[in-house]
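To start, the structure under review is shown below, and the notes come after it.
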Amino acid sequence: MMTKVGHLPEETSSFVGRRAELTRLHTALTTRRMTTLIGPGGVGKTRLALRAARAAADRYADGAWWADLSPLYDDRLLLPTVSDAVGLADHTLRMPVEALCEWLGDKQLLLVLDSAEHLRAPCSHLLAEILTTSPALTVLVTSRQPLGTRGEHVVEVPPLPVDGAPDALQLFADRLRATDPRAGLDAPGDEAAAAAICRRLEGIPLAIELAAAGIGRHSVAQLAARIGTRFDARGVTVGVPGAYGSSGAAGLPGGPGASPAPGTSRLDLLAHETVWPRRHRTLRTAIGWSHELCSPLERLLWARLTPLRTDFDATVAREVCAGGPLTPDEVDRALQGLVAQSVVQRDGDRYRMLDTLREYGRMWLTELGEARAAADRHARSFLGLARRAHEGWTGPDQVSWYHKVADTHLDLCAALEHLLAHDVGGAQEMAGRVGFFWACCGHLAEARNYARRALDAGPVEGPHRTRLHWVLGVAALLQSDFATAEKYGALCTAAALDDRDDEGMLGATYLTGITRLMTGEPEAALEATGRVLRMTEGVPVDSGHRLRCRLVIVFALTALGRFAESEAAATALRRACERGGEFWTRSYADYQLALIALLQGRPEASAAHARAMLAGKHRLRDRFGIALGLDLLAAAIAAQGAGAQAARVYGTGHAYWRMVGHPQRGTPELGPVRERCELQARAAVGDEAYQRAFERGQSDNAEVGLAAALRTELQL
């Protein structure tokens, strides 16, 4: 379940049974504000929650939104993860929980938090806050135990019935056919053998799916016999594995009924006699049996994949897991073996491991004594990604790198945490290289936090120091913290001069130039930026910082009313960006061309440039840029007399401004343009029609509103 449809993951396999549970859940979601689905790992809580959320989504004006908490190893990224899940990319200096509460305050939506058991106390505290401040919010949680939040309604998810109902057998047959479309239960005795397997596995869906995946190496009858023998074994415990050989028995350290030791895994904790003991022992045994069916190298790969927090591709698997007997080619072969065993899920060229199976692999990684080495490889891999993304920022793959950095956010954070503890120099390099991406993605708090921690972790000199100061300044600038932005601009300048670093000087100049523009000093921005551009002519023309400095020149000329010069500079800048495949700066060149055309009384040309800007920002998922572009497009449409359409676009822009937590922003000269837009639109259609259209744009799904804004036909 990796592909997103709307705000929910896509169901990529059949859904079987659960009619009674869906009925109970429908009632709970209708009558309760918070419902928690509880049950052991592998019992089907996530699939049930997803199916119920999809069925209920249309009842919520703002839809259903999904947050997967399974990759979070602690609560530091809980708030950013939930904020991302509900579409908030806050650009303010507020406390994150305050911004989230305000964003959800007037929303009528269903929020699903999946796999919350390891964050019970933080989740309970967060939900208590947002349920208090968001009266129309409904929350559905999946967890192995209740959260203990006041007002929580608990629904236990049982295994699938194995007697008197076909559900478990149907699941087995479906997964069998998913593995091999020609497979079935047609041979004599197959159906009875499959039913016996389901009974042995007590109807636990994950255990049944793992069993069905093993059918390629056995007949159904053979599989039933092997599982019967395996599950009849008494006193199952874990043996310490050999180098990369048999896993020993299937359970976890300690016999049945042993008291869980501090720091044990969730699998171990829930094996205790007091918490779903039979079911969980069955799942543990099923996972262990599946582990034994794997080849030694498949088992080793299973363990080494566990540091990954997010979906991954084969290249990342090779980088993180190759070493010793696992050559890169063996990683590819073992990965396909794990897919065939249903240990790893595949969606196109992306892979993912279920949290329950990741825990089992993590246990073996520790038993093998490889936990530190695996974390080192993981950190090196994502430091490499940060380097390549930084180098590729202005090239033809800019959009692809932007998305990779956004989509691997949790892995990048995990890598940075490890580097801060074990390789300070690597952490300082990584925080500097990835910080601008994070600032553009809306992860401003994380960008500032990691840059600050990297600076505090130890001495740093050269380009890494300049980049860290630059990241802190840009993040502060985007949060309207202009005094801090000015401070770090000065530090950047001093460091670049000290290091004789022309690229660093251009970066510092961009930061100080934009800060001066935002504080109403375009003349100073123009003079200083022009001087530094002349001083650094040896830096390639397609350098990211050089392109951004040219953008400062365009903004300053526009602010000074020198429209002919500004238009020529913006056109030349846009062509330079287009040649290199650069979208971020190019979209702001389009923005300036739109503003210039509007100020010169050419609204049709302005609208065309604004739409080009919006198309670029949409590709980059830059909500701040989209908000700016929608305001300008609304003004251009209003200037053409289409008042209702302008009001709707303006309303959609307001929705995007709320997503970044800001009132409308932009350079000072944009304020009068917005005011004129509203007056023109109201005059064209009247206050009542204007307000109706504005509210429609504000309440539209953001993607729907943006698509409507990008249509070129006018509604006069």
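Each chain in the structure tokens gets a letter, A, B and so on, in the order shown; residues start at 1 in every chain, and ligands are counted from 1 in the order they appear.
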Would you pick out the contacts of stretch 626-642 of chain A at 7 Å or less, using only C-alpha atoms, so that residues sharing its chain but fewer than 4 positions from it are not included, and give the list as an MDAnalysis selection string? chainID A and resid 591 598 603:604 606:607 610 613:614 617:618 622 646:647 649:650 653 656:657 673:674 677 680:681 684 714:716
Do you know which residues are at most 7 Å from stretch 521-524 of chain A counting only C-alpha atoms, after dropping those on the same chain fewer than 6 positions away, and could you put them as a PyMOL selection string? chain A and resi 556+559-560
Just the selected residues (N, CA, C and O atoms), exported as an mmCIF file, in the first residue's frame, please.
data_model
loop_
_atom_site.group_PDB
_atom_site.id
_atom_site.type_symbol
_atom_site.label_atom_id
_atom_site.label_comp_id
_atom_site.auth_asym_id
_atom_site.auth_seq_id
_atom_site.Cartn_x
_atom_site.Cartn_y
_atom_site.Cartn_z
ATOM 1 N N ALA A 556 14.330 43.319 -7.779
ATOM 2 C CA ALA A 556 14.668 44.692 -7.391
ATOM 3 C C ALA A 556 14.288 45.682 -8.488
ATOM 4 O O ALA A 556 13.737 46.763 -8.209
ATOM 5 N N ALA A 559 10.561 46.189 -8.389
ATOM 6 C CA ALA A 559 10.170 47.003 -7.235
ATOM 7 C C ALA A 559 10.497 48.480 -7.458
ATOM 8 O O ALA A 559 9.784 49.368 -6.959
ATOM 9 N N LEU A 560 11.526 48.764 -8.233
ATOM 10 C CA LEU A 560 11.922 50.147 -8.500
ATOM 11 C C LEU A 560 11.180 50.747 -9.695
ATOM 12 O O LEU A 560 11.426 51.892 -10.074
#
Name the residues in contact with A:Glu461 at a cut-off of 10 Å, using only C-alpha atoms, excluding same-chain residues fewer than 2 positions from it; report them as a list in words.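 With the cut-off at 10 Å, the set is Gly425, Gln428, Pro459, Pro463, His464, Arg465, Thr466, Ala495, Asp498 and Asp499 of chain A.
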Hey, can you check how far atom CA of A:Gly63 sits from atom CA of A:Leu109? 5.2 Å
Could you produce a table of the residues of stretch 278-336 of chain A lying within 10 Å of stretch 68-82 of chain A, with the nearest pair of atoms per residue and their separation in Å rounded to one decimal, using only C-alpha atoms, ordered by chain and increasing residue number, as a Markdown table?
| residue | atom | partner | partner_atom | distance |
| --- | --- | --- | --- | --- |
| A:Pro307 | CA | A:Pro71 | CA | 9.5 |
| A:Leu308 | CA | A:Pro71 | CA | 8.3 |
| A:Arg309 | CA | A:Pro71 | CA | 4.8 |
| A:Thr310 | CA | A:Pro71 | CA | 6.8 |
Spatial neighbours of A:Val344, max dist 9 Å, only C-alpha atoms, sep filter under 2 positions, as a list in words: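 Non-adjacent residues within range: Trp302, Leu335, Gln336, Gly337, Leu338, Val339, Ala340, Gln341, Ser342, Arg346, Tyr351, Arg352, Met353, Leu354 and Leu357 of chain A.
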For A:Leu620, which residue among A:Thr356, A:Ser587, A:Thr30, A:Thr138 is the nearest when counting only C-alpha atoms?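 When distances to A:Leu620 are compared using only C-alpha atoms, the smallest one comes from A:Ser587.
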Of the candidates A:Thr142, A:Pro672, A:Thr512, A:Thr394, which shows the shortest atom-to-atom distance to A:Arg546, using only C-alpha atoms?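 Looking at the shortest contact to A:Arg546, the residue is A:Thr394.
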Using 8 Å as the limit and counting only C-alpha atoms, can you tabulate each residue of stretch 17-92 of chain A that touches stretch 151-161 of chain A, with its shortest atom-to-atom distance in Å and the two atoms involved, as a tab-separated table?
residue	atom	partner	partner_atom	distance
A:Gly17	CA	A:Leu160	CA	7.7
A:Arg18	CA	A:Leu160	CA	7.6
A:Glu21	CA	A:Val157	CA	7.4
A:Leu25	CA	A:Val155	CA	7.7
A:Ala28	CA	A:His153	CA	7.7
A:Arg32	CA	A:His153	CA	7.1
A:Arg33	CA	A:Gly151	CA	7.7
A:Met34	CA	A:Glu152	CA	5.3
A:Thr35	CA	A:His153	CA	4.6
A:Thr36	CA	A:Val154	CA	4.9
A:Leu37	CA	A:Val155	CA	4.9
A:Ile38	CA	A:Glu156	CA	4.8
A:Gly39	CA	A:Val157	CA	5.4
A:Val43	CA	A:Pro159	CA	5.6
A:Gly44	CA	A:Val157	CA	7.5
A:Lys45	CA	A:Val157	CA	6.5
DSSP helix (DSSP H, G or I) selection over stretch 486-705 of chain A, as an NGL selection string: :A and (486-499 or 502-518 or 522-535 or 544-559 or 563-580 or 584-599 or 603-619 or 623-639 or 643-659 or 670-685 or 687-699 or 702-705)
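Shell of A:Ile227 at 10 Å, with only C-alpha atoms counted and residues fewer than 3 places along the chain excluded, is Ala196, Ile197, Arg200, Leu201, Ala211, Ala221, Gln222, Leu223, Ala224, Arg230, Phe231, Asp232, Thr285, Ala286 and Trp289 of chain A.
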